[in-house]
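Structure first, commentary second.
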Amino acid sequence: MTGGFPQHAAGHVPVLRLGDVLLVTLQGDLHDSAAEQLQQDIGEAIAAHRSRGVVIDVSGVEIVDSFLGRVLAEIAAKAELLAAQTVVAGMRPAVAITMVELGLTLPGLRTALTAEEAVRGFGGTDPVLRTARTRLGSP
Amino acid sequence: MDTAAGVEACLPITSDMDLVWVRQHVRQAAAQLGFGLVDQTKLVTAASELARNTLVHGGGGRIEVTALTDGPVPGLRLTFRDEGPGIADLDRALTDGYTSGDGLGMGLGGARRLVHEFAIDSAPGAGTTVTVTSWVARPPRPRGEA
Amino acid sequence: MPEQEAAEQHGVPEREIGDFLHRRREQIAQRWADETFFRSVFTVSREEAVDAGRTLVDALAQVAASGRVTDPEAAGFSQVREQLVRMCAARSRAGLTPSEVSRDVAALRPPVVDLLVAELRDAPEQRLRERSNLLTVLMGTLRVVVMEAALSENQALIDRQRMQLMEMATPVIKLWDGIVAVPLIGTLDSARSQVVMETLLESVVEQQAHFAILDITGVPTVDSLVAQHLMKTVAAARLMGAECVVSGIRPAIAQTIVHLGLDLGSVVTRASLADALAYALRKLGADIVPPSSHGAGER
C-alpha cells in the first residue's frame, strides 16, 4: 500500500494509499516541521497517483492550534487545485469545542465521523460527508 | 489567591521541539490539578498559541508554570516572557485577524478566549510578557454571577 | 509570687464553667430536649433529643476546659459539628431561614445560665457576674458555630441542586440510528450551554450520530449569548463530521432573533422536533411515506 513513496525520517507522518484515496493518520503531538513536511508529502502523493481524495484521521490528535489548523486548511486547498477532495475525520469533541472557541471553524473543509466512513465516502456518493462552513458571529 | 506547591516549572521556548514540551507539560499540570478534558484542551491550545508567539515574534523566551489556589479552587497560571521587539499597538494585536507573522491571526485574541484571565505587558523594545490563568470549573453559577 | 498567681488565676473561671457543665450535664440535656432546636429535629423519641443534648454539653465543657470560649474553631466544637450540620439541615428542610435557626440556638442559653445562677446564688456578686458572662460568651460562640454550619449546609445544598438540575435538564436522546437529540428546557446560561455542548458532542461520538438535534421549544428566550452558544455547538459538530439541526423555534423567538439582528448563519433550523427528525431521516436516505397513500414523501 505504501509502495512508491519517498521514505520518511522518523517522526514524520506516513501517507498510505488505499486505491485512489490517500489516508493520513495523525497521532499525538505533531512538530511544526513534521506538519509542514506532511503538507508537502501529500501534495506530491496526489500528483504522483492522481488520487481523488485525502482522508486525514485526527482521532488521535489531542489539540489543534491555529498552526495545525492552517496546515489542514492548506492541505485541503492544495488538494483541491490537484482535483482531490480532503476530508478530516474523527475529531474529538474537546478538540472541536476548543477550535470553535479559538475561532478556527475551517470553512470549506469536509469532515466525517470516522476515517472508515470518509474512505467509504469516496466509493460513491455518500450523504454523510459534509462541509464545515459555519460562520460564527464575533464574540 | 495563593500559589500552591506541586506544579512549578520554567521551560525554555527556543525551538519548535520546545513547543511540544510546553504542550506536554501544561497538559500534565492541568490534568494533575483536576481540570476536565475540555478545559485541559483549551489550556494546552492557549499555551501552544502563546508559546508560538514567544518563539516566532519574541525570538524565543520562556514559560513559567505555577499552580494556584483560590480557597478550595485550584488554578493554573502560565507566564510567557520574551525579550523580543515588543508590541506597539496592543489593542490591534488582540484583534482577530491581525497578524505580523504567518499564522491565521488567531494567536493572542484566540488564546484569550480559551482562558479565564488574560494579561499582557509589552512595549516596543522592552519584550513581551503574557500571563494567563484558568480555574478548575466550580459548580455552575447563574448568568451574571460568574 | 504575683506572676505565678496570675498564671494560676488564668483559666480558672473557664475551668469552673467546664466543671459546672460536666456536673449539670444531665439536667441541661433534659432542659434542652424541650427546646425547639432539639424538639423539632429529634421527633422520634425524647431520649434521642436528650442524648444529642448530652453530646453537645460534653463538647461545650471541653471547649470551656480548654479556655477557648471565644474560638469557634476550638477542638471541642469539631466533635459536634457534624451533628449540628445535620440538625441545621433538618431545620432548613423544614423551611427555616438561617436567622430563625440562630434564634432557636439562642433559646438554649437561658436554661443553662439559670442553672448557673441558681448554683452560685450565695457566691459574691462579682464572681457570679463573671461566670455567667463567660457562659454567655460560650453560648454565643456556639451560635456562631451553628450559623457557620447552617450556611455551609445551605451552600452545599444549593451546589448539589444546581448540579442535579443541570444533569436532569440535559438528557441526550437517541431518536434513530445516527440521530440524537437534546430537548432543552429552561434558561440557558453560559455554564449550562457548555454542558449541553459537551454532552451532545460526546453522544455524537458514542452513537456515531450523523445528526444532532437541539430542540429549544422549552427555552423561554433566545438572546445573543444563547444564539452564539447554539452557533458554536453547530460549528463544533460540523468539525466532528455531524450536522446539527436547531428545532422548536417558536414564532416569538423567531421574532426576537430577527429583532436583535442575530445571524444564525447557515444553521439548519426547523419549526418542530418532528420536522427536524424528518429532515435528518430524509438526509440519511430514508423515505417517509404516509400510511394511506404510497405516493410522494410527506411535508
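Following the order of the C-alpha cells, first chain is A, next is B, and so on, with residues numbered from 1 inside each chain and ligands from 1 in the order they appear.
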Per-residue nearest contacts of chain C to chain B (7 Å; only C-alpha atoms) as JSON lines:
{"residue": "C:Asp159", "atom": "CA", "partner": "B:Pro139", "partner_atom": "CA", "distance": 6.1}
{"residue": "C:Met163", "atom": "CA", "partner": "B:Pro139", "partner_atom": "CA", "distance": 7.0}
{"residue": "C:Asp189", "atom": "CA", "partner": "B:Arg143", "partner_atom": "CA", "distance": 5.4}
{"residue": "C:Ser190", "atom": "CA", "partner": "B:Arg143", "partner_atom": "CA", "distance": 6.5}
{"residue": "C:Ala191", "atom": "CA", "partner": "B:Pro140", "partner_atom": "CA", "distance": 5.7}
task = Could you please select, counting only C-alpha atoms, the residues of chain A within 8 Å of chain B and state them as a PyMOL selection string?
result = chain A and resi 29-33+62-67+70+94-95+97-98+101-103
Selected residues, N, CA and C atoms, written as a PDB file, in the first residue's frame, please.
ATOM      1  N   ASP A  29       1.247  14.406  19.452  1.00  0.00           N
ATOM      2  CA  ASP A  29       1.693  15.782  19.282  1.00  0.00           C
ATOM      3  C   ASP A  29       2.610  15.906  18.066  1.00  0.00           C
ATOM      4  N   LEU A  30       2.194  16.740  17.120  1.00  0.00           N
ATOM      5  CA  LEU A  30       2.925  16.868  15.864  1.00  0.00           C
ATOM      6  C   LEU A  30       3.863  18.081  15.931  1.00  0.00           C
ATOM      7  N   HIS A  31       5.120  17.899  15.555  1.00  0.00           N
ATOM      8  CA  HIS A  31       6.034  19.045  15.445  1.00  0.00           C
ATOM      9  C   HIS A  31       5.577  19.930  14.305  1.00  0.00           C
ATOM     10  N   ASP A  32       5.888  21.209  14.419  1.00  0.00           N
ATOM     11  CA  ASP A  32       5.568  22.126  13.326  1.00  0.00           C
ATOM     12  C   ASP A  32       6.245  21.677  12.035  1.00  0.00           C
ATOM     13  N   SER A  33       7.492  21.231  12.163  1.00  0.00           N
ATOM     14  CA  SER A  33       8.234  20.871  10.951  1.00  0.00           C
ATOM     15  C   SER A  33       7.655  19.601  10.326  1.00  0.00           C
ATOM     16  N   GLU A  62      -4.749  15.431  20.090  1.00  0.00           N
ATOM     17  CA  GLU A  62      -5.284  15.992  21.328  1.00  0.00           C
ATOM     18  C   GLU A  62      -5.530  17.485  21.267  1.00  0.00           C
ATOM     19  N   ILE A  63      -4.785  18.188  20.423  1.00  0.00           N
ATOM     20  CA  ILE A  63      -5.113  19.607  20.230  1.00  0.00           C
ATOM     21  C   ILE A  63      -4.858  20.007  18.778  1.00  0.00           C
ATOM     22  N   VAL A  64      -5.673  20.958  18.311  1.00  0.00           N
ATOM     23  CA  VAL A  64      -5.416  21.594  17.019  1.00  0.00           C
ATOM     24  C   VAL A  64      -5.322  23.084  17.295  1.00  0.00           C
ATOM     25  N   ASP A  65      -4.130  23.638  17.172  1.00  0.00           N
ATOM     26  CA  ASP A  65      -3.990  25.085  17.369  1.00  0.00           C
ATOM     27  C   ASP A  65      -4.045  25.765  16.003  1.00  0.00           C
ATOM     28  N   SER A  66      -3.841  27.091  15.986  1.00  0.00           N
ATOM     29  CA  SER A  66      -4.026  27.798  14.721  1.00  0.00           C
ATOM     30  C   SER A  66      -3.006  27.348  13.679  1.00  0.00           C
ATOM     31  N   PHE A  67      -1.829  26.913  14.137  1.00  0.00           N
ATOM     32  CA  PHE A  67      -0.818  26.456  13.180  1.00  0.00           C
ATOM     33  C   PHE A  67      -1.277  25.174  12.470  1.00  0.00           C
ATOM     34  N   ARG A  70      -4.132  25.797  10.208  1.00  0.00           N
ATOM     35  CA  ARG A  70      -3.728  26.383   8.931  1.00  0.00           C
ATOM     36  C   ARG A  70      -3.157  25.297   8.013  1.00  0.00           C
ATOM     37  N   ALA A  94     -13.603  17.526  22.492  1.00  0.00           N
ATOM     38  CA  ALA A  94     -12.856  18.568  23.208  1.00  0.00           C
ATOM     39  C   ALA A  94     -12.043  19.407  22.226  1.00  0.00           C
ATOM     40  N   VAL A  95     -11.507  18.749  21.202  1.00  0.00           N
ATOM     41  CA  VAL A  95     -10.712  19.469  20.205  1.00  0.00           C
ATOM     42  C   VAL A  95     -11.619  20.385  19.383  1.00  0.00           C
ATOM     43  N   ILE A  97     -14.571  21.678  20.229  1.00  0.00           N
ATOM     44  CA  ILE A  97     -15.050  22.793  21.065  1.00  0.00           C
ATOM     45  C   ILE A  97     -13.968  23.868  21.175  1.00  0.00           C
ATOM     46  N   THR A  98     -12.731  23.425  21.421  1.00  0.00           N
ATOM     47  CA  THR A  98     -11.628  24.375  21.581  1.00  0.00           C
ATOM     48  C   THR A  98     -11.361  25.135  20.285  1.00  0.00           C
ATOM     49  N   GLU A 101     -13.947  27.798  19.847  1.00  0.00           N
ATOM     50  CA  GLU A 101     -13.699  28.881  20.791  1.00  0.00           C
ATOM     51  C   GLU A 101     -12.534  29.746  20.305  1.00  0.00           C
ATOM     52  N   LEU A 102     -11.555  29.105  19.721  1.00  0.00           N
ATOM     53  CA  LEU A 102     -10.364  29.792  19.215  1.00  0.00           C
ATOM     54  C   LEU A 102     -10.701  30.599  17.966  1.00  0.00           C
ATOM     55  N   GLY A 103     -11.801  30.239  17.311  1.00  0.00           N
ATOM     56  CA  GLY A 103     -12.190  30.949  16.105  1.00  0.00           C
ATOM     57  C   GLY A 103     -11.802  30.216  14.835  1.00  0.00           C
TER      58      GLY A 103
END
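Atom CA of Val58 of chain A to atom CA of Val88 of chain A spans 6.8 Å [interatomic distance, one decimal].
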request  = Define the interface residues of chain C facing chain A as those within 6 Å, counting only C-alpha atoms, and report them as a VMD selection string.
outcome  = chain C and resid 201 235 to 236 238 to 241 266
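Between atom CA of Leu273 of chain C and atom CA of Pro251 of chain C lies a distance of 14.6 Å.
The coordinates place atom CA of Val65 of chain B at 23.4 Å from atom CA of Pro85 of chain B.
Within segment 8-117 of chain B, the backbone-based DSSP assignment of strand (DSSP E or B) covers Glu8, Ala9, Cys10, Leu11, Pro12, Ile13, Gly61, Arg62, Ile63, Glu64, Val65, Thr66, Ala67, Leu68, Thr69, Asp70, Val73, Pro74, Gly75, Leu76, Arg77, Leu78, Thr79, Phe80, Arg81, Asp82 and Glu117 of chain B.
All residues of protein, DNA or RNA that reach within 9 Å of Ile17 of chain C, judged by only C-alpha atoms and not counting those fewer than 6 positions away in the chain, are Ala61, Ala64, Ala65, Leu116, Arg131, Ser132, Leu134 and Leu135 of chain C.
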Take the selection from the previous step and output its residues with N, CA and C atoms, as a PDB file, in the first residue's frame.
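Output contents, as saved in again-v4.pdb:
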ATOM      1  N   ALA C  61     -18.325  21.656  77.441  1.00  0.00           N
ATOM      2  CA  ALA C  61     -17.490  21.509  78.632  1.00  0.00           C
ATOM      3  C   ALA C  61     -16.020  21.415  78.218  1.00  0.00           C
ATOM      4  N   ALA C  64     -14.786  24.833  77.160  1.00  0.00           N
ATOM      5  CA  ALA C  64     -14.563  25.679  78.338  1.00  0.00           C
ATOM      6  C   ALA C  64     -13.273  25.282  79.042  1.00  0.00           C
ATOM      7  N   ALA C  65     -13.059  23.973  79.208  1.00  0.00           N
ATOM      8  CA  ALA C  65     -11.881  23.479  79.913  1.00  0.00           C
ATOM      9  C   ALA C  65     -10.605  23.875  79.169  1.00  0.00           C
ATOM     10  N   LEU C 116     -26.807  27.989  86.347  1.00  0.00           N
ATOM     11  CA  LEU C 116     -25.569  28.513  86.918  1.00  0.00           C
ATOM     12  C   LEU C 116     -25.874  29.534  88.006  1.00  0.00           C
ATOM     13  N   ARG C 131     -18.823  34.632  85.996  1.00  0.00           N
ATOM     14  CA  ARG C 131     -19.086  33.270  85.496  1.00  0.00           C
ATOM     15  C   ARG C 131     -20.238  33.263  84.489  1.00  0.00           C
ATOM     16  N   SER C 132     -21.273  34.024  84.804  1.00  0.00           N
ATOM     17  CA  SER C 132     -22.418  33.973  83.882  1.00  0.00           C
ATOM     18  C   SER C 132     -22.085  34.667  82.564  1.00  0.00           C
ATOM     19  N   LEU C 134     -19.145  34.601  81.202  1.00  0.00           N
ATOM     20  CA  LEU C 134     -18.315  33.627  80.486  1.00  0.00           C
ATOM     21  C   LEU C 134     -19.202  32.586  79.802  1.00  0.00           C
ATOM     22  N   LEU C 135     -20.204  32.126  80.533  1.00  0.00           N
ATOM     23  CA  LEU C 135     -21.096  31.101  79.977  1.00  0.00           C
ATOM     24  C   LEU C 135     -21.883  31.690  78.796  1.00  0.00           C
TER      25      LEU C 135
END
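When only C-alpha atoms are used to compute distances to Ala77 of chain A, the closest of the residues A:Val54, A:Ala35, A:Val119, A:Leu23 turns out to be A:Val54.
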ask   = Got a sec: who's within 6 Å of Gly84 of chain B, counting only C-alpha atoms, leaving out chain neighbours fewer than 4 positions off, as a list in words?
value = Gly58, Gly59 and Gly127 of chain B
How would the residues just picked look written out with N, CA and C atoms as a compact mmCIF listing (two decimals), in the first residue's frame?
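Output below, filename selection.txt:
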# COMPACT_ATOMS: atom_id res chain seq x y z
N GLY B 58 8.75 36.87 19.44
CA GLY B 58 9.62 37.34 20.51
C GLY B 58 11.05 36.84 20.35
N GLY B 59 11.28 36.02 19.34
CA GLY B 59 12.62 35.50 19.13
C GLY B 59 13.03 34.51 20.21
N GLY B 127 10.35 43.86 25.12
CA GLY B 127 9.90 42.48 25.27
C GLY B 127 8.41 42.39 25.57
message = Considering only alpha helix (DSSP H) as DSSP defines it on the backbone, what residues of chain B qualify? List them as a ChimeraX atom specification.
response = /B:16-33,37-56,90-93,107-113
Atoms to include: C-alpha atoms. Write the selected residues as a JSON list (two decimals), in the first residue's frame.
[["chain", "number", "residue", "atom", "x", "y", "z"],
["B", 16, "ASP", "CA", 9.55, 24.04, 17.71],
["B", 17, "MET", "CA", 10.64, 20.97, 19.69],
["B", 18, "ASP", "CA", 10.22, 23.12, 22.84],
["B", 19, "LEU", "CA", 6.61, 23.82, 21.83],
["B", 20, "VAL", "CA", 5.96, 20.09, 22.12],
["B", 21, "TRP", "CA", 7.47, 20.06, 25.63],
["B", 22, "VAL", "CA", 5.42, 23.08, 26.66],
["B", 23, "ARG", "CA", 2.20, 21.43, 25.48],
["B", 24, "GLN", "CA", 3.00, 18.19, 27.24],
["B", 25, "HIS", "CA", 3.98, 19.89, 30.46],
["B", 26, "VAL", "CA", 0.87, 22.09, 30.54],
["B", 27, "ARG", "CA", -1.32, 19.06, 29.77],
["B", 28, "GLN", "CA", 0.22, 17.14, 32.65],
["B", 29, "ALA", "CA", -0.03, 20.02, 35.11],
["B", 30, "ALA", "CA", -3.68, 20.71, 34.18],
["B", 31, "ALA", "CA", -4.61, 17.02, 34.49],
["B", 32, "GLN", "CA", -2.88, 16.81, 37.85],
["B", 33, "LEU", "CA", -4.81, 19.83, 39.18],
["B", 37, "LEU", "CA", -10.84, 17.21, 29.46],
["B", 38, "VAL", "CA", -12.29, 20.18, 27.57],
["B", 39, "ASP", "CA", -10.63, 22.70, 29.89],
["B", 40, "GLN", "CA", -7.31, 20.84, 29.63],
["B", 41, "THR", "CA", -7.56, 21.02, 25.86],
["B", 42, "LYS", "CA", -8.34, 24.74, 25.97],
["B", 43, "LEU", "CA", -5.39, 25.45, 28.25],
["B", 44, "VAL", "CA", -2.95, 23.39, 26.17],
["B", 45, "THR", "CA", -4.15, 25.06, 22.98],
["B", 46, "ALA", "CA", -3.79, 28.52, 24.52],
["B", 47, "ALA", "CA", -0.29, 27.57, 25.71],
["B", 48, "SER", "CA", 0.60, 26.38, 22.22],
["B", 49, "GLU", "CA", -0.58, 29.64, 20.64],
["B", 50, "LEU", "CA", 1.24, 31.81, 23.16],
["B", 51, "ALA", "CA", 4.44, 29.76, 23.14],
["B", 52, "ARG", "CA", 4.49, 30.00, 19.35],
["B", 53, "ASN", "CA", 4.10, 33.79, 19.63],
["B", 54, "THR", "CA", 7.03, 33.87, 22.03],
["B", 55, "LEU", "CA", 9.09, 31.82, 19.59],
["B", 56, "VAL", "CA", 8.10, 33.49, 16.34],
["B", 90, "LEU", "CA", -1.71, 46.01, 21.96],
["B", 91, "ASP", "CA", -5.36, 46.60, 21.05],
["B", 92, "ARG", "CA", -4.67, 45.82, 17.45],
["B", 93, "ALA", "CA", -2.60, 42.73, 18.34],
["B", 107, "GLY", "CA", -2.78, 33.91, 18.31],
["B", 108, "LEU", "CA", -3.45, 36.44, 21.06],
["B", 109, "GLY", "CA", -7.16, 37.09, 20.65],
["B", 110, "GLY", "CA", -7.91, 33.39, 20.26],
["B", 111, "ALA", "CA", -5.81, 32.39, 23.25],
["B", 112, "ARG", "CA", -7.60, 35.00, 25.35],
["B", 113, "ARG", "CA", -10.95, 33.29, 24.69]]
